[in-house]
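Data block for coords29.txt (compact mmCIF, C-alpha atoms):
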# COMPACT_ATOMS: atom_id res chain seq x y z
CA MET K 1 99.66 26.31 71.83
CA ASN K 2 97.54 25.07 74.66
CA LEU K 3 94.26 25.26 72.85
CA SER K 4 92.09 22.28 73.33
CA ILE K 5 89.86 20.83 70.60
CA GLY K 6 86.70 21.74 72.64
CA SER K 7 87.53 25.46 72.89
CA LEU K 8 88.37 25.54 69.20
CA SER K 9 84.96 24.16 68.24
CA GLN K 10 83.24 26.75 70.49
CA VAL K 11 85.08 29.57 68.75
CA GLY K 12 84.14 27.99 65.39
CA SER K 13 80.43 27.92 66.21
CA LYS K 14 80.52 31.56 67.37
CA LEU K 15 82.19 32.44 64.12
CA GLN K 16 79.45 30.58 62.21
CA VAL K 17 76.75 32.55 64.05
CA SER K 18 78.44 35.87 63.39
CA LYS K 19 78.85 34.90 59.73
CA ALA K 20 75.16 33.98 59.50
CA PHE K 21 74.17 37.34 61.00
CA SER K 22 76.42 39.18 58.59
CA VAL K 23 74.62 37.67 55.55
CA ALA K 24 71.17 37.86 57.13
CA SER K 25 70.77 41.61 56.63
CA PRO K 26 71.31 41.65 52.83
CA VAL K 27 69.14 38.55 52.45
CA ALA K 28 66.42 40.13 54.59
CA ALA K 29 66.73 43.32 52.52
CA ILE K 30 66.28 41.35 49.31
CA ILE K 31 63.27 39.48 50.70
CA VAL K 32 61.62 42.64 52.00
CA SER K 33 62.27 44.45 48.71
CA LEU K 34 60.78 41.60 46.74
CA LEU K 35 57.77 41.42 49.07
CA VAL K 36 57.18 45.16 48.75
CA ALA K 37 57.55 44.97 44.99
CA GLY K 38 55.28 41.95 44.69
CA LEU K 39 52.58 42.79 47.19
CA VAL K 40 52.42 46.57 47.11
CA VAL K 41 54.01 48.06 44.02
CA TRP K 42 52.92 45.49 41.42
CA PRO K 43 49.19 45.71 42.29
CA LYS K 44 49.51 49.50 42.19
CA PHE K 45 51.26 49.25 38.84
CA SER K 46 48.42 47.07 37.50
CA GLU K 47 45.98 49.67 38.77
CA VAL K 48 47.98 52.35 36.97
CA MET K 49 47.77 50.38 33.73
CA ARG K 50 44.00 50.01 34.15
CA LEU K 51 43.74 53.71 34.88
CA ARG K 52 45.71 54.43 31.74
CA THR K 53 43.29 52.38 29.61
CA ALA K 54 40.31 54.02 31.32
CA ASN K 55 41.85 57.45 30.70
CA GLU K 56 42.28 56.68 27.00
CA GLN K 57 38.59 55.76 26.73
CA LEU K 58 37.59 58.79 28.77
CA ALA K 59 39.71 60.99 26.52
CA ILE K 60 37.87 59.69 23.45
CA ARG K 61 34.48 60.31 25.12
CA ALA K 62 35.52 63.76 26.31
CA LYS K 63 36.71 64.62 22.80
CA SER K 64 33.48 63.49 21.17
CA LEU K 65 31.46 65.38 23.78
CA GLU K 66 33.53 68.48 23.17
CA GLU K 67 33.01 68.16 19.41
CA LYS K 68 29.29 67.70 19.94
CA ALA K 69 29.12 70.71 22.25
CA SER K 70 30.99 72.93 19.81
CA LYS K 71 28.84 71.70 16.92
CA LEU K 72 25.64 72.44 18.86
CA GLN K 73 26.96 75.91 19.64
CA THR K 74 27.44 76.66 15.96
CA LEU K 75 23.89 75.64 14.96
CA ASP K 76 21.57 78.51 14.11
CA ARG K 77 18.36 78.12 16.09
CA GLU K 78 16.23 80.19 13.71
CA GLN K 79 17.42 78.28 10.69
CA LEU K 80 16.74 75.00 12.46
CA GLU K 81 13.20 76.12 13.25
CA LEU K 82 12.62 76.98 9.59
CA GLN K 83 14.06 73.63 8.60
CA LEU K 84 11.75 71.91 11.08
CA VAL K 85 8.72 73.59 9.49
CA ALA K 86 9.88 72.41 6.07
CA ALA K 87 10.62 68.92 7.44
CA GLU K 88 7.12 68.82 8.94
CA GLN K 89 5.75 69.51 5.48
CA LEU K 90 7.81 66.72 4.00
CA LEU K 91 6.92 64.23 6.71
CA PRO K 92 4.25 65.46 9.14
CA SER K 93 4.16 64.19 12.72
CA GLU K 94 0.50 63.24 12.36
CA LYS K 95 -1.47 61.65 9.57
CA ASN K 96 -2.87 65.00 8.44
CA VAL K 97 -5.45 63.25 6.29
CA PHE K 98 -7.67 66.25 5.65
CA PRO K 99 -4.89 68.56 4.42
CA LEU K 100 -3.75 65.66 2.22
CA VAL K 101 -7.22 65.16 0.74
CA SER K 102 -7.44 68.89 0.19
CA GLN K 103 -4.06 68.90 -1.60
CA ILE K 104 -5.12 66.01 -3.85
CA GLU K 105 -8.37 67.83 -4.66
CA LYS K 106 -6.41 70.96 -5.51
CA ALA K 107 -4.00 68.96 -7.70
CA ALA K 108 -6.98 67.45 -9.53
CA GLY K 109 -8.76 70.81 -9.86
CA SER K 110 -5.73 72.64 -11.22
CA SER K 111 -4.93 69.92 -13.76
CA GLY K 112 -8.46 69.56 -15.10
CA VAL K 113 -9.10 65.94 -14.17
CA LEU K 114 -12.39 64.77 -12.77
CA LEU K 115 -11.89 63.29 -9.33
CA SER K 116 -14.62 60.69 -9.30
CA ARG K 117 -13.68 58.83 -6.14
CA LEU K 118 -11.37 59.20 -3.20
CA ASP K 119 -11.08 56.52 -0.48
CA VAL K 120 -9.08 56.78 2.66
CA THR K 121 -9.41 55.03 6.02
CA PRO K 122 -7.29 57.11 8.34
CA GLY K 123 -8.18 55.48 11.68
CA ALA K 124 -7.46 57.55 14.77
CA VAL K 125 -6.89 61.15 13.72
CA SER K 126 -4.06 61.72 16.20
CA GLY K 127 -2.18 58.65 14.98
CA GLN K 128 -2.15 57.12 18.47
CA ASP K 129 -4.07 53.96 17.55
CA LYS K 130 -1.06 51.67 17.26
CA ASP K 131 -2.19 49.35 20.02
CA LYS K 132 -5.80 49.27 18.85
CA PRO K 133 -5.65 47.25 15.65
CA GLY K 134 -9.42 47.39 15.25
CA LEU K 135 -9.22 51.11 14.69
CA ALA K 136 -6.08 51.18 12.60
CA ASN K 137 -6.53 51.71 8.90
CA ALA K 138 -6.01 48.94 6.42
CA ALA K 139 -2.66 50.17 5.14
CA GLU K 140 -1.18 50.62 8.57
CA SER K 141 -2.40 47.28 9.77
CA LYS K 142 -0.17 45.75 7.09
CA GLY K 143 2.70 47.02 9.23
CA GLU K 144 4.47 48.67 6.32
CA ALA K 145 6.72 51.25 7.85
CA VAL K 146 9.28 52.60 5.41
CA GLU K 147 12.48 54.18 6.74
CA GLY K 148 10.82 54.61 10.13
CA ALA K 149 7.87 56.43 8.57
CA SER K 150 4.27 55.20 8.68
CA LYS K 151 1.87 55.74 5.82
CA VAL K 152 -1.74 56.41 5.02
CA GLN K 153 -3.09 55.02 1.77
CA VAL K 154 -5.43 57.03 -0.38
CA ARG K 155 -7.21 55.42 -3.31
CA VAL K 156 -8.14 57.85 -6.03
CA THR K 157 -10.17 57.34 -9.19
CA ILE K 158 -10.02 60.02 -11.86
CA GLY K 159 -11.34 60.58 -15.36
CA SER K 160 -9.56 62.84 -17.81
CA ASP K 161 -7.77 63.18 -21.11
CA TYR K 162 -4.14 62.12 -21.38
CA LYS K 163 -2.61 65.60 -21.05
CA SER K 164 -4.66 66.44 -17.97
CA PHE K 165 -3.72 63.10 -16.46
CA LEU K 166 -0.03 63.85 -16.97
CA GLN K 167 -0.52 67.29 -15.43
CA PHE K 168 -2.30 65.69 -12.49
CA LEU K 169 0.70 63.39 -11.97
CA VAL K 170 3.06 66.36 -12.06
CA ASN K 171 0.90 68.31 -9.61
CA LEU K 172 0.49 65.33 -7.32
CA LEU K 173 4.19 64.51 -7.17
CA SER K 174 5.12 68.14 -6.55
CA ILE K 175 3.09 68.25 -3.34
CA SER K 176 5.55 68.99 -0.56
CA ARG K 177 4.42 66.02 1.53
CA THR K 178 6.26 62.76 0.87
CA LEU K 179 3.96 60.78 -1.41
CA SER K 180 4.51 57.88 -3.70
CA ILE K 181 2.19 56.23 -6.16
CA LYS K 182 2.13 52.58 -5.22
CA ASP K 183 -0.29 51.18 -7.77
CA LEU K 184 -1.55 52.74 -10.95
CA THR K 185 -4.13 51.46 -13.40
CA ILE K 186 -5.05 53.39 -16.53
CA GLY K 187 -7.67 52.26 -18.99
CA SER K 188 -8.74 53.98 -22.16
CA GLY K 189 -12.09 52.15 -22.19
CA SER K 190 -13.85 51.01 -25.29
CA THR K 191 -14.83 54.45 -26.58
CA ASP K 192 -12.65 56.52 -28.90
CA SER K 193 -13.31 59.71 -26.94
CA GLY K 194 -9.70 59.86 -25.71
CA GLN K 195 -10.92 59.83 -22.13
CA LEU K 196 -8.89 57.84 -19.63
CA ARG K 197 -9.99 56.35 -16.37
CA ALA K 198 -7.22 55.92 -13.81
CA ASN K 199 -7.05 54.37 -10.38
CA LEU K 200 -4.18 55.36 -8.16
CA VAL K 201 -3.09 54.08 -4.78
CA ILE K 202 -1.16 56.88 -3.13
CA ASP K 203 1.03 56.29 -0.08
CA ALA K 204 1.27 59.41 2.07
CA TYR K 205 3.97 59.19 4.71
CA TRP K 206 4.12 60.58 8.25
CA GLN K 207 6.45 60.09 11.16
CA VAL K 208 5.81 60.62 14.85
CA LEU K 209 8.15 62.87 16.77
CA PRO K 210 10.73 60.93 18.76
CA GLY K 211 9.71 60.53 22.42
CA GLU K 212 13.19 61.12 23.74
CA LEU K 213 16.58 62.20 22.52
CA PRO K 214 19.29 59.64 21.87
CA SER K 215 22.09 59.29 24.43
CA ILE K 216 23.98 62.49 25.26
CA GLU K 217 27.09 60.90 23.80
CA SER K 218 25.50 60.25 20.40
CA THR K 219 26.96 62.41 17.69
CA VAL K 220 25.03 65.13 15.90
CA VAL K 221 24.76 64.16 12.24
CA ASP K 222 24.68 67.00 9.73
CA LEU K 223 22.12 67.09 6.96
CA SER K 224 23.51 65.79 3.67
CA ASP K 225 23.53 67.95 0.54
CA SER K 226 20.61 66.01 -0.89
CA GLU K 227 18.59 66.48 2.32
CA LEU K 228 19.36 70.20 2.38
CA LYS K 229 18.24 70.39 -1.25
CA ARG K 230 14.93 68.72 -0.33
CA LEU K 231 14.32 71.23 2.45
CA GLU K 232 15.23 74.08 0.14
CA GLN K 233 12.76 72.78 -2.48
CA VAL K 234 9.98 72.77 0.11
CA ARG K 235 10.89 76.23 1.35
CA SER K 236 11.20 77.64 -2.17
CA THR K 237 7.62 76.60 -2.97
CA GLY K 238 6.55 79.18 -0.41
CA LEU K 239 4.51 76.65 1.53
CA VAL K 240 6.36 77.10 4.76
CA SER K 241 3.11 77.53 6.66
CA ASP K 242 1.20 74.37 7.58
CA PRO K 243 -1.16 73.15 4.84
CA SER K 244 -4.48 73.82 6.50
CA VAL K 245 -8.00 72.53 6.02
CA PRO K 246 -10.16 75.22 4.33
CA GLN K 247 -12.45 77.12 6.67
CA VAL K 248 -16.18 76.33 6.38
CA PRO K 249 -19.21 78.09 7.92
CA LEU K 250 -20.24 76.46 11.21
CA GLY K 251 -23.68 75.82 12.82
CA ARG K 252 -27.00 74.20 11.68
CA ASN K 253 -30.50 74.17 13.14
CA ASP K 254 -31.37 70.64 11.97
CA LEU K 255 -28.67 68.01 12.10
CA PHE K 256 -30.55 65.68 9.70
CA LEU K 257 -31.79 68.13 7.05
CA PRO K 258 -30.03 67.44 3.73
CA PHE K 259 -28.06 70.40 2.36
CA MET D 1 100.58 16.07 65.67
CA ALA D 2 98.34 18.87 67.02
CA GLU D 3 100.84 21.49 65.87
CA THR D 4 100.88 20.07 62.38
CA ARG D 5 97.04 20.23 62.23
CA ASP D 6 97.04 23.91 63.32
CA ILE D 7 99.64 24.84 60.79
CA ASN D 8 97.70 23.08 57.97
CA LEU D 9 94.40 24.69 59.10
CA LEU D 10 95.40 28.26 58.34
CA PRO D 11 95.22 28.29 54.50
CA PHE D 12 91.90 26.40 54.57
CA GLU D 13 90.33 28.89 57.02
CA GLU D 14 91.66 31.81 55.05
CA LYS D 15 90.24 30.37 51.86
CA ALA D 16 86.82 29.80 53.45
CA GLN D 17 86.80 33.28 54.95
CA GLU D 18 87.73 34.78 51.62
CA SER D 19 84.96 32.97 49.82
CA PHE D 20 82.50 33.95 52.57
CA ALA D 21 83.59 37.55 52.26
CA ASN D 22 82.98 37.30 48.52
CA LEU D 23 79.52 35.87 49.10
CA GLN D 24 78.81 38.60 51.62
CA LYS D 25 79.88 41.25 49.12
CA ARG D 26 77.77 39.72 46.38
CA LEU D 27 74.75 39.47 48.60
CA SER D 28 75.17 43.06 49.71
CA LEU D 29 75.50 44.18 46.12
CA VAL D 30 72.42 42.21 45.03
CA SER D 31 70.41 43.53 47.97
CA VAL D 32 71.39 47.09 47.09
CA ILE D 33 70.47 46.55 43.45
CA VAL D 34 67.12 44.98 44.38
CA LEU D 35 66.44 47.82 46.80
CA VAL D 36 67.31 50.47 44.23
CA VAL D 37 65.23 48.76 41.51
CA THR D 38 62.28 48.41 43.87
CA ALA D 39 62.61 52.04 44.91
CA ILE D 40 62.78 53.23 41.29
CA PHE D 41 59.83 51.03 40.33
CA THR D 42 57.85 52.37 43.28
CA LEU D 43 58.74 55.94 42.46
CA VAL D 44 57.92 55.56 38.77
CA THR D 45 54.61 53.89 39.62
CA LEU D 46 53.72 56.66 42.02
CA VAL D 47 54.67 59.40 39.57
CA PHE D 48 52.75 57.67 36.78
CA PHE D 49 49.74 57.17 39.06
CA THR D 50 49.77 60.80 40.18
CA SER D 51 50.03 62.02 36.61
CA LEU D 52 47.25 59.72 35.39
CA ALA D 53 45.01 60.62 38.31
CA SER D 54 45.51 64.30 37.59
CA SER D 55 44.82 63.88 33.85
CA ARG D 56 41.74 61.81 34.71
CA SER D 57 40.33 64.54 36.89
CA LYS D 58 41.05 67.06 34.09
CA LEU D 59 39.28 64.81 31.57
CA ILE D 60 36.30 64.46 33.90
CA GLU D 61 36.18 68.24 34.27
CA ASP D 62 36.30 68.66 30.47
CA ALA D 63 33.55 66.07 30.00
CA GLN D 64 31.38 67.74 32.62
CA ARG D 65 31.88 71.12 30.96
CA SER D 66 30.87 69.58 27.62
CA PHE D 67 27.88 67.90 29.28
CA SER D 68 26.65 71.20 30.64
CA THR D 69 27.20 72.91 27.25
CA ILE D 70 25.26 70.14 25.52
CA ASN D 71 22.46 70.43 28.07
CA SER D 72 22.27 74.18 27.54
CA TYR D 73 21.88 73.60 23.77
CA LYS D 74 19.39 70.76 24.18
CA ALA D 75 16.74 72.62 22.19
CA ASN D 76 19.11 72.85 19.22
CA GLU D 77 19.86 69.16 19.52
CA GLU D 78 16.16 68.28 19.58
CA LEU D 79 15.58 70.36 16.46
CA ILE D 80 18.47 68.89 14.49
CA VAL D 81 17.59 65.32 15.53
CA VAL D 82 13.94 65.70 14.48
CA VAL D 83 14.83 67.48 11.23
CA LYS D 84 17.48 64.88 10.38
CA ASN D 85 15.15 61.93 11.10
CA LYS D 86 12.34 63.35 9.01
CA VAL D 87 14.38 64.63 6.08
CA SER D 88 16.53 61.53 5.90
CA ALA D 89 13.46 59.24 5.80
CA ALA D 90 11.69 61.50 3.27
CA ASP D 91 14.80 61.75 1.10
CA LYS D 92 15.18 57.96 0.94
CA ILE D 93 11.50 57.45 0.07
CA LEU D 94 11.56 60.17 -2.59
CA ASN D 95 14.80 58.85 -4.09
CA GLU D 96 13.24 55.41 -4.43
CA ARG D 97 9.85 56.40 -5.79
CA ALA D 98 9.09 55.92 -9.44
CA ASN D 99 9.04 59.07 -11.51
CA TYR D 100 5.80 58.54 -13.43
CA SER D 101 6.04 61.81 -15.32
CA ASN D 102 9.35 60.66 -16.74
CA VAL D 103 7.92 57.20 -17.52
CA PHE D 104 5.02 58.62 -19.53
CA ASN D 105 7.12 61.30 -21.23
CA THR D 106 9.62 58.65 -22.35
CA LEU D 107 6.87 56.29 -23.50
CA THR D 108 5.25 59.13 -25.44
CA SER D 109 8.46 59.79 -27.32
CA ILE D 110 9.47 56.19 -28.12
CA ILE D 111 6.13 54.56 -28.96
CA PRO D 112 5.61 53.89 -32.72
CA GLN D 113 2.82 55.96 -34.29
CA GLY D 114 0.84 52.90 -35.31
CA THR D 115 0.49 51.72 -31.73
CA TYR D 116 -1.63 52.68 -28.75
CA PHE D 117 -2.26 51.43 -25.23
CA THR D 118 -5.66 50.35 -23.95
CA ASP D 119 -4.57 49.52 -20.41
CA PHE D 120 -1.54 50.39 -18.36
CA LYS D 121 -1.11 48.84 -14.92
CA VAL D 122 1.60 49.22 -12.33
CA ALA D 123 1.40 47.09 -9.21
CA SER D 124 4.41 46.74 -6.91
CA GLU D 125 6.63 48.12 -9.67
CA LYS D 126 5.48 45.43 -12.10
CA VAL D 127 4.15 46.98 -15.28
CA SER D 128 1.56 45.41 -17.52
CA ILE D 129 0.77 47.11 -20.82
CA THR D 130 -2.12 46.10 -23.04
CA GLY D 131 -2.48 47.74 -26.43
CA ARG D 132 -3.06 47.54 -30.12
CA ALA D 133 -0.89 48.01 -33.18
CA LYS D 134 -1.59 48.48 -36.86
CA SER D 135 0.91 45.80 -37.80
CA SER D 136 3.36 43.32 -36.39
CA ALA D 137 6.11 45.75 -37.43
CA ASP D 138 4.65 48.34 -35.07
CA VAL D 139 4.68 45.83 -32.21
CA ALA D 140 8.27 44.95 -33.08
CA GLY D 141 9.08 48.68 -33.16
CA LEU D 142 7.51 49.11 -29.75
CA VAL D 143 9.43 46.18 -28.27
CA SER D 144 12.62 47.44 -29.88
CA SER D 145 12.05 50.93 -28.41
CA LEU D 146 11.37 49.51 -24.96
CA VAL D 147 14.59 47.49 -24.93
CA SER D 148 16.63 50.41 -26.30
CA ASP D 149 18.78 52.54 -24.00
CA ARG D 150 15.98 55.06 -23.53
CA GLY D 151 13.49 52.32 -22.83
CA LYS D 152 15.82 50.73 -20.28
CA GLU D 153 15.80 53.98 -18.32
CA ILE D 154 12.17 53.36 -17.41
CA ILE D 155 11.56 49.62 -17.63
CA SER D 156 13.51 46.37 -17.48
CA ASN D 157 12.85 42.65 -17.93
CA LEU D 158 10.43 43.22 -20.80
CA SER D 159 8.37 40.23 -21.79
CA VAL D 160 5.69 39.82 -24.48
CA GLU D 161 2.88 37.98 -22.71
CA SER D 162 0.60 37.67 -25.74
CA LEU D 163 0.34 38.82 -29.33
CA SER D 164 -2.63 38.16 -31.58
CA SER D 165 -4.19 39.72 -34.66
CA ASP D 166 -7.85 40.00 -35.68
CA ASP D 167 -9.38 39.70 -39.13
CA LYS D 168 -8.55 43.36 -39.87
CA GLY D 169 -4.86 42.78 -39.26
CA ILE D 170 -4.88 44.77 -36.03
CA TYR D 171 -2.56 43.26 -33.47
CA ALA D 172 -3.45 43.11 -29.78
CA PHE D 173 -0.53 42.70 -27.43
CA VAL D 174 0.16 42.34 -23.75
CA LEU D 175 3.59 43.25 -22.45
CA SER D 176 4.96 42.97 -18.94
CA ALA D 177 8.08 44.49 -17.44
CA GLN D 178 9.62 45.80 -14.27
CA LEU D 179 9.45 49.51 -13.56
CA VAL D 180 12.86 51.06 -12.99
CA SER D 181 12.95 53.19 -9.88
CA LYS D 182 14.30 56.70 -10.26

Could you render the structure as structure tokens?
Amino acid sequence: MNLSIGSLSQVGSKLQVSKAFSVASPVAAIIVSLLVAGLVVWPKFSEVMRLRTANEQLAIRAKSLEEKASKLQTLDREQLELQLVAAEQLLPSEKNVFPLVSQIEKAAGSSGVLLSRLDVTPGAVSGQDKDKPGLANAAESKGEAVEGASKVQVRVTIGSDYKSFLQFLVNLLSISRTLSIKDLTIGSGSTDSGQLRANLVIDAYWQVLPGELPSIESTVVDLSDSELKRLEQVRSTGLVSDPSVPQVPLGRNDLFLPF
Amino acid sequence: MAETRDINLLPFEEKAQESFANLQKRLSLVSVIVLVVTAIFTLVTLVFFTSLASSRSKLIEDAQRSFSTINSYKANEELIVVVKNKVSAADKILNERANYSNVFNTLTSIIPQGTYFTDFKVASEKVSITGRAKSSADVAGLVSSLVSDRGKEIISNLSVESLSSDDKGIYAFVLSAQLVSK
């Protein structure tokens, strides 16, 4: 036992170093693993979670697009065109003032009332006078658009007996175009002749065609039963062709000669 | 003295070495566990990512196919959109408009025989009726008819604005009410 204290301490320090090296590798492995997990895998995992959420939203959009595509495939083009003609009769894309006046005249003629006055101020015939208020008619300038539809007001004065007046109302409200009687004044006058004088303010509606389709992802909404019934009513009246203005002979030699 | 120190050193060294060996084992075990967990986490993340990326590309393909189908049926879409817009607006307006034929038919059937109207005005769904009656009983009959169930189908909020009789006993009346929409 000739070991000196100095050589013993040297051996001890070597042992300490070898011990430190022996624990360094597992510690380094733990640190590297944690660094990889924290700096590489966790951000990727967060990305995966975001991707998952994005996929869920994409799946919903893809499903709605697929439903829309299959619905559009099942629509019958010919039937839609017929429905469009009927819808145009219900709510024309232009004011169509002259066909309207003609229809009111016909309703008056067939019911036996005397149409003594008819006032309408249609403004621009094409209905494109929205940004020219000076040309817009009185009713439109009030800005009364109902359910996205604009209207033209027609003021009518009639004279008739009570039964003919009722018949006129029936005929008027069975016109395929969407009309409503806004104001109505009936007076029997002072005489006992049974003759009535009535003033009506008729709102005739029209709606411009949409300039562009809604977003491709918007759903296609089916017509409700009540809407289908309306279209069927219009089609069943046999008025599927456009109400036209009656033809009149054309051409005169003197523009100012009274007829 | 030195001998005694050496002899006493042995159990202490052994004890320290044993505890170090334990620590070393524990560290090794923990490092293996951490490595395995990290590896599994990495693998799962990668598998998940690959699967999600593949399903995303499939979804995009599906959406593009639907887009092209929708574009090829654009004419149908235009037709249904226009028809729906027009018919829906028309249906709402027609559902809300007053049915005057029904109003007059009902009035015709419920008005007392000794009564007649001289003026009938409707403005913004407010009705004003001016008329004459043979007697106050006829006016009462008219008011009673108008507030009956049948009368309520066509008008509401009935009010007698004026009632006066002349020297012949003929009553003149003015009634006002609200027109009931269809």

*Pull out every residue of chain K that has at least one atom within 6 Å of chain D, counting all atoms listed in the file, and report them as a ChimeraX atom specification.*
/K:23,26,29-30,33,37,41,45,48,55,62,65-66,69,84,87,91,147,180,183-188,227

*Distance of CA of Thr106 in chain D from CA of Leu146 in chain D, expressed in Å to one decimal place*: 9.7 Å

Around range 17-24 of chain D, fit a box with edges along x, y and z, padding it by 3 Å on each side, then list its centre and edge lengths in Å to one decimal as AutoDock Vina command-line options.
--center_x 83.3 --center_y 35.8 --center_z 51.7 --size_x 14.9 --size_y 11.6 --size_z 12.4

*In Å, how far is it from CA of Gly109 in chain K to CA of Lys163 in chain K?*
13.8 Å

_The residues within 12 Å of (7.1, 56.6, -32.6), using all atoms listed in the file and the coordinates of the file, should be reported as a PyMOL selection string; which are they?_
chain D and resi 106-116+133+137-146

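Ranking K:Ser18, K:Ser236, K:Ser160, K:Thr219 by their shortest atom-to-atom distance to Ala198 in chain K, with only C-alpha atoms included, puts K:Ser160 first.
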
*Separation of CA of Leu166 in chain K and CA of Leu163 in chain D, in Å?*
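These two atoms are separated by 27.9 Å.
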
*Select, from D:Val47, D:Val160, D:Ser54, D:Pro11, the residue with the minimum atom-to-atom distance to Phe173 in chain D, counting all atoms listed in the file.*
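Of the candidates, the smallest distance to Phe173 in chain D is held by D:Val160.
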
Could range 107-127 of chain K be completed with N, CA and C atoms and written as a compact mmCIF listing (two decimals), in the frame of the given file, please?
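To be explicit, this is the file written out as selection-v6.txt:
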# COMPACT_ATOMS: atom_id res chain seq x y z
N ALA K 107 -4.81 69.45 -6.58
CA ALA K 107 -4.00 68.96 -7.70
C ALA K 107 -4.91 68.53 -8.85
N ALA K 108 -6.04 67.89 -8.49
CA ALA K 108 -6.98 67.45 -9.53
C ALA K 108 -7.64 68.66 -10.18
N GLY K 109 -8.07 69.61 -9.34
CA GLY K 109 -8.76 70.81 -9.86
C GLY K 109 -7.87 71.61 -10.79
N SER K 110 -6.60 71.79 -10.41
CA SER K 110 -5.73 72.64 -11.22
C SER K 110 -5.24 71.93 -12.48
N SER K 111 -5.38 70.59 -12.54
CA SER K 111 -4.93 69.92 -13.76
C SER K 111 -6.10 69.58 -14.70
N GLY K 112 -7.30 69.78 -14.23
CA GLY K 112 -8.46 69.56 -15.10
C GLY K 112 -8.94 68.13 -15.15
N VAL K 113 -8.58 67.32 -14.18
CA VAL K 113 -9.10 65.94 -14.17
C VAL K 113 -10.34 65.89 -13.29
N LEU K 114 -11.17 64.92 -13.57
CA LEU K 114 -12.39 64.77 -12.77
C LEU K 114 -12.13 63.73 -11.68
N LEU K 115 -12.15 64.19 -10.46
CA LEU K 115 -11.89 63.29 -9.33
C LEU K 115 -13.19 62.58 -9.01
N SER K 116 -13.32 61.34 -9.48
CA SER K 116 -14.62 60.69 -9.30
C SER K 116 -14.73 59.90 -8.00
N ARG K 117 -13.60 59.57 -7.40
CA ARG K 117 -13.68 58.83 -6.14
C ARG K 117 -12.39 58.99 -5.35
N LEU K 118 -12.56 59.12 -4.05
CA LEU K 118 -11.37 59.20 -3.20
C LEU K 118 -11.66 58.41 -1.92
N ASP K 119 -10.87 57.38 -1.66
CA ASP K 119 -11.08 56.52 -0.48
C ASP K 119 -9.88 56.61 0.44
N VAL K 120 -10.16 56.82 1.68
CA VAL K 120 -9.08 56.78 2.66
C VAL K 120 -9.66 56.30 3.99
N THR K 121 -8.95 55.46 4.69
CA THR K 121 -9.41 55.03 6.02
C THR K 121 -8.33 55.40 7.02
N PRO K 122 -8.41 56.63 7.52
CA PRO K 122 -7.29 57.11 8.34
C PRO K 122 -7.18 56.51 9.73
N GLY K 123 -8.25 55.97 10.30
CA GLY K 123 -8.18 55.48 11.68
C GLY K 123 -8.16 56.65 12.64
N ALA K 124 -7.50 56.48 13.77
CA ALA K 124 -7.46 57.55 14.77
C ALA K 124 -6.78 58.78 14.18
N VAL K 125 -7.39 59.93 14.36
CA VAL K 125 -6.89 61.15 13.72
C VAL K 125 -5.52 61.53 14.28
N SER K 126 -5.33 61.30 15.59
CA SER K 126 -4.06 61.72 16.20
C SER K 126 -2.92 60.76 15.89
N GLY K 127 -3.23 59.60 15.29
CA GLY K 127 -2.18 58.65 14.98
C GLY K 127 -1.73 57.85 16.17
